[in-house]
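Structure, as structure tokens:
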Amino acid sequence: MDIQEARARTADLMPEVMADLMSLVGVPSVAFPGYPPEPVEEMAQRTLELFRGAGFANAQLMDVPDGYRPVYGEIAGPPGSPVVMLYAHYDVQPAPMAQGWTSDPWTPTRKDDGRIYGRGVADDKGGLAMHLGMLRAFDGKPPCTVRLIVEGMEETNSNLEEFVESHPELFDVDLFVIADMGNLRVGEPVLTTTLRGDVACVVTVRTLEHPLHSGVFGGAAPDAMMSLARLLASLQDDDGNVAVEGVSRFSWDGVDMSSQEFADSADLLEGVQVTGQRSIADTLWAEPSVSAIGVDMTSIAGSSNVLVPEAKAKISMRIVPGADPVAELDALVRHLESHAPWGAQVSIERTKEAPPFRCATDGPGYAAARAALADAYGKPVGEAGSGGSIPLLKTLQGVAPRAEFILWGPEDVAGARIHASDESVDPAEIEAMTIAQILLLDRLAQRI
């Protein structure tokens, strides 16, 4: 299929594809504990039915030990054709109105800027729409063997890694197409080539056997919360760089964005400065970052004039591609244990060691994807990283070591606001990425 035919077919299909997407956004498929299971199960069934209708006649919900079931299917291509696996997920992040939504997150809303707003419209029901559009463009008969895996717990405790390890034969493919990424800006194509990993721990700081009157003892007896605050502050230098000795860094040589563009996309408050001393690309994709993502101590409502004997924080540190998550967490733990002020007692619980990921960029699949993306957008293709982590990719790489990975999608960094309020997608990105996937399969088929 040439570029003109791919564009024409996709344009004809877009109304149907976007209607399906907007219908799916209306299903609050939050798989987090404590949320009702019925919407997630409904979403799984709808996903199954849509992909069966698009050509995966044998698609089914696969049994897993616990949690929501993934959708798996296969369409056999010509003998000897490459085997491509499409990946996306049907679950979404929570969307409380308290986040600051300006429209109902479960009612897809097209606003004056042309974008469609709603939870999951980009991450990752937009990825489902891309796959559906591509399959329909081929009338359900793609020129390669195509397999499908759509999971239902990507945003929470994924159960897919265990499933992959238990069924490696289902994932023995030439190319994985991971539709859970996006360009930095609408209309400017990039391939995501790296993902940061994520290590985490819970640090507990204790200074007193029990609470003490802050007036009688304050000033000489150290308060645990203030001790914890100083310990957390030691994790960064005055410029916001990670100050943990022994963590990994490198230099980014792909696309970049300006500090002002980043500040605009992050919606920094007036007067708040971008942190770090290096370029935005280096800071986001080639440097570690550290955050205190949760703190336990006395609430304001329950507070009184006492010194706090114990305080806890959950610390997440994003690590760069090529780094060993065990070694990076070791470095973080050493820092926490050695920087507690005033002899405060520190205990640490290690909670996460998610590895980073780097795509090979010298294979035929990557070359085909790069050419397909350039044709779809009519522009040269850059390379970008992502600060997010997808531990599943390491598992897939382990069971299919010869496979290549293509990471792309409709989630433009500048505007999509995934995981946040007013998540949105530009329909032009779904259309262009659908065209790119059509051209990718066509180029791969020509290698037979």
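Just so we're on the same page: first chain in the structure tokens is A, next is B, and so on; residues restart at 1 for each chain, and ligands are numbered from 1 in the order they show up.
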Could you pull out the residues in region 219-314 of chain A that DSSP calls alpha helix (DSSP H) from the backbone, as a PyMOL selection string? chain A and resi 224-233+259-266+280-281
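The list of residues with at least one atom within 6 Å of Val381 (chain A), based on only C-alpha atoms and without residues fewer than 3 positions apart in the same chain, reads Pro189, Val190 and Ala374 of chain A.
Distances from A:Tyr35, A:His131, A:Thr283, A:Tyr68 to Asn157 (chain A) were compared using only C-alpha atoms, and the smallest one belongs to A:Tyr68.
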Selection: 10 Å around Ala266 (chain A), only C-alpha atoms, excl. self and same-chain fewer than 2 positions, as a CSV table (one decimal) with N, CA and C atoms, in the first residue's frame:
chain,number,residue,atom,x,y,z
A,260,GLN,N,11.6,27.1,28.1
A,260,GLN,CA,10.3,27.7,28.1
A,260,GLN,C,9.3,26.8,27.6
A,261,GLU,N,9.6,26.0,26.6
A,261,GLU,CA,8.6,25.0,26.1
A,261,GLU,C,8.3,24.0,27.1
A,262,PHE,N,9.3,23.5,27.8
A,262,PHE,CA,9.1,22.5,28.9
A,262,PHE,C,8.2,23.1,30.0
A,263,ALA,N,8.5,24.4,30.4
A,263,ALA,CA,7.8,25.0,31.5
A,263,ALA,C,6.3,25.2,31.1
A,264,ASP,N,6.1,25.5,29.8
A,264,ASP,CA,4.7,25.7,29.3
A,264,ASP,C,4.0,24.3,29.4
A,268,LEU,N,4.1,25.1,34.9
A,268,LEU,CA,4.7,25.6,36.1
A,268,LEU,C,4.0,26.9,36.5
A,269,LEU,N,3.9,27.1,37.8
A,269,LEU,CA,3.3,28.3,38.3
A,269,LEU,C,4.2,29.5,38.0
A,274,VAL,N,12.6,26.1,36.1
A,274,VAL,CA,13.0,24.8,35.7
A,274,VAL,C,14.2,24.4,36.5
A,413,VAL,N,3.9,15.0,24.2
A,413,VAL,CA,4.3,15.4,25.5
A,413,VAL,C,3.8,16.9,25.9
A,414,ALA,N,3.8,17.7,24.8
A,414,ALA,CA,3.5,19.1,25.1
A,414,ALA,C,2.0,19.3,25.4
A,415,GLY,N,1.1,18.4,25.0
A,415,GLY,CA,-0.3,18.7,25.2
A,415,GLY,C,-1.1,17.7,25.9
A,417,ARG,N,-1.0,15.7,28.6
A,417,ARG,CA,-1.2,15.7,30.0
A,417,ARG,C,-1.7,14.3,30.6
Report as a PyMOL selection string all protein, DNA and RNA residues lying within 6 Å of Arg147 (chain A), evaluated on only C-alpha atoms, omitting residues in the same chain fewer than 2 positions from it. chain A and resi 73-74+85
Resulting file, chosen residues, C-alpha atoms, as a short mmCIF file (atom, residue, chain, number, x, y, z; two decimals), in the first residue's frame:
data_model
loop_
_atom_site.label_atom_id
_atom_site.label_comp_id
_atom_site.auth_asym_id
_atom_site.auth_seq_id
_atom_site.Cartn_x
_atom_site.Cartn_y
_atom_site.Cartn_z
CA GLY A 73 -5.10 -12.75 19.31
CA GLU A 74 -3.28 -13.56 16.09
CA MET A 85 3.01 -7.90 18.01
#
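The residue that comes closest to Gly254 (chain A), out of A:Glu49, A:Glu155, A:Glu383, A:Asp174 and on the basis of only C-alpha atoms, is A:Glu383.
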Contacts between region 299-322 of chain A and region 376-413 of chain A, please, where a residue of region 376-413 of chain A counts if it comes within 9 Å (with only C-alpha atoms); show its shortest atom pair and distance in Å to one decimal, rows by chain and ascending number, as JSON lines.
{"residue": "A:Gly387", "atom": "CA", "partner": "A:Arg318", "partner_atom": "CA", "distance": 7.3}
{"residue": "A:Gly388", "atom": "CA", "partner": "A:Arg318", "partner_atom": "CA", "distance": 8.2}
{"residue": "A:Ser389", "atom": "CA", "partner": "A:Arg318", "partner_atom": "CA", "distance": 8.4}
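For the residues A:Val121, A:Val244, A:Ala376, A:Leu195, ranking by smallest atom-to-atom distance to Gln437 (chain A) using only C-alpha atoms places A:Ala376 first.
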Tell me which protein, DNA and RNA residues are within 7 Å of Pro325 (chain A), counting only C-alpha atoms, leaving out same-chain ones fewer than 4 positions away, and put them as a PyMOL selection string. chain A and resi 199+329+353-355
Prev. selection, C-alpha atoms, output as a PDB file, in the first residue's frame:
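That gives us part-v8.pdb:
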ATOM      1  CA  VAL A 199      13.587   2.439  42.068  1.00  0.00           C
ATOM      2  CA  LEU A 329      18.833   1.685  44.812  1.00  0.00           C
ATOM      3  CA  GLU A 353      13.558  -2.048  41.337  1.00  0.00           C
ATOM      4  CA  ALA A 354      12.112  -1.463  37.854  1.00  0.00           C
ATOM      5  CA  PRO A 355      14.770  -1.605  35.125  1.00  0.00           C
TER       6      PRO A 355
END
Please list as a PDB file with C-alpha atoms, in the first residue's frame every residue within 10 Å of Ala229 (chain A), counting only C-alpha atoms and excluding residues in the same chain fewer than 5 positions away.
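Now in out38.pdb:
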ATOM      1  CA  VAL A 205      13.140   8.582  60.610  1.00  0.00           C
ATOM      2  CA  ALA A 224      11.418  13.649  63.393  1.00  0.00           C
ATOM      3  CA  SER A 234      19.952  16.422  50.918  1.00  0.00           C
ATOM      4  CA  ALA A 311       8.020  10.365  60.177  1.00  0.00           C
ATOM      5  CA  ALA A 313       8.475   9.187  53.259  1.00  0.00           C
ATOM      6  CA  ALA A 340      20.411  11.707  58.622  1.00  0.00           C
ATOM      7  CA  PRO A 341      20.872  14.845  60.765  1.00  0.00           C
TER       8      PRO A 341
END
Backbone DSSP call of strand (DSSP E) for region 187-247 of chain A, listed as a PyMOL selection string: chain A and resi 190-195+197-206+212-213
Could you name the residues that touch region 405-407 of chain A at 8 Å or less, counting only C-alpha atoms, but leaving out those on the same chain fewer than 5 positions away, as a PyMOL selection string? chain A and resi 175-181+191-193+359-360+365-366+369
Output as JSON lines one row per residue of region 389-445 of chain A within 7 Å of region 97-118 of chain A: the closest atom pair and its distance in Å to one decimal place, counting only C-alpha atoms, sorted by chain and residue number ascending.
{"residue": "A:Ser421", "atom": "CA", "partner": "A:Trp101", "partner_atom": "CA", "distance": 4.9}
{"residue": "A:Asp422", "atom": "CA", "partner": "A:Trp101", "partner_atom": "CA", "distance": 5.3}
{"residue": "A:Glu423", "atom": "CA", "partner": "A:Gly118", "partner_atom": "CA", "distance": 5.7}
{"residue": "A:Ser424", "atom": "CA", "partner": "A:Tyr117", "partner_atom": "CA", "distance": 4.2}
{"residue": "A:Val425", "atom": "CA", "partner": "A:Ile116", "partner_atom": "CA", "distance": 5.5}
{"residue": "A:Asp426", "atom": "CA", "partner": "A:Arg115", "partner_atom": "CA", "distance": 4.6}
{"residue": "A:Pro427", "atom": "CA", "partner": "A:Arg115", "partner_atom": "CA", "distance": 6.7}
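You will find CA of Leu232 (chain A) at 20.7 Å from CA of Arg249 (chain A).
Across the structure, CA of Ala372 (chain A) and CA of Val17 (chain A) are spaced 20.6 Å apart.
The smallest atom-to-atom distance between Asn58 (chain A) and any of A:Ser23, A:Leu135, A:Ile390, A:Leu148, using only C-alpha atoms, is found for A:Leu148.
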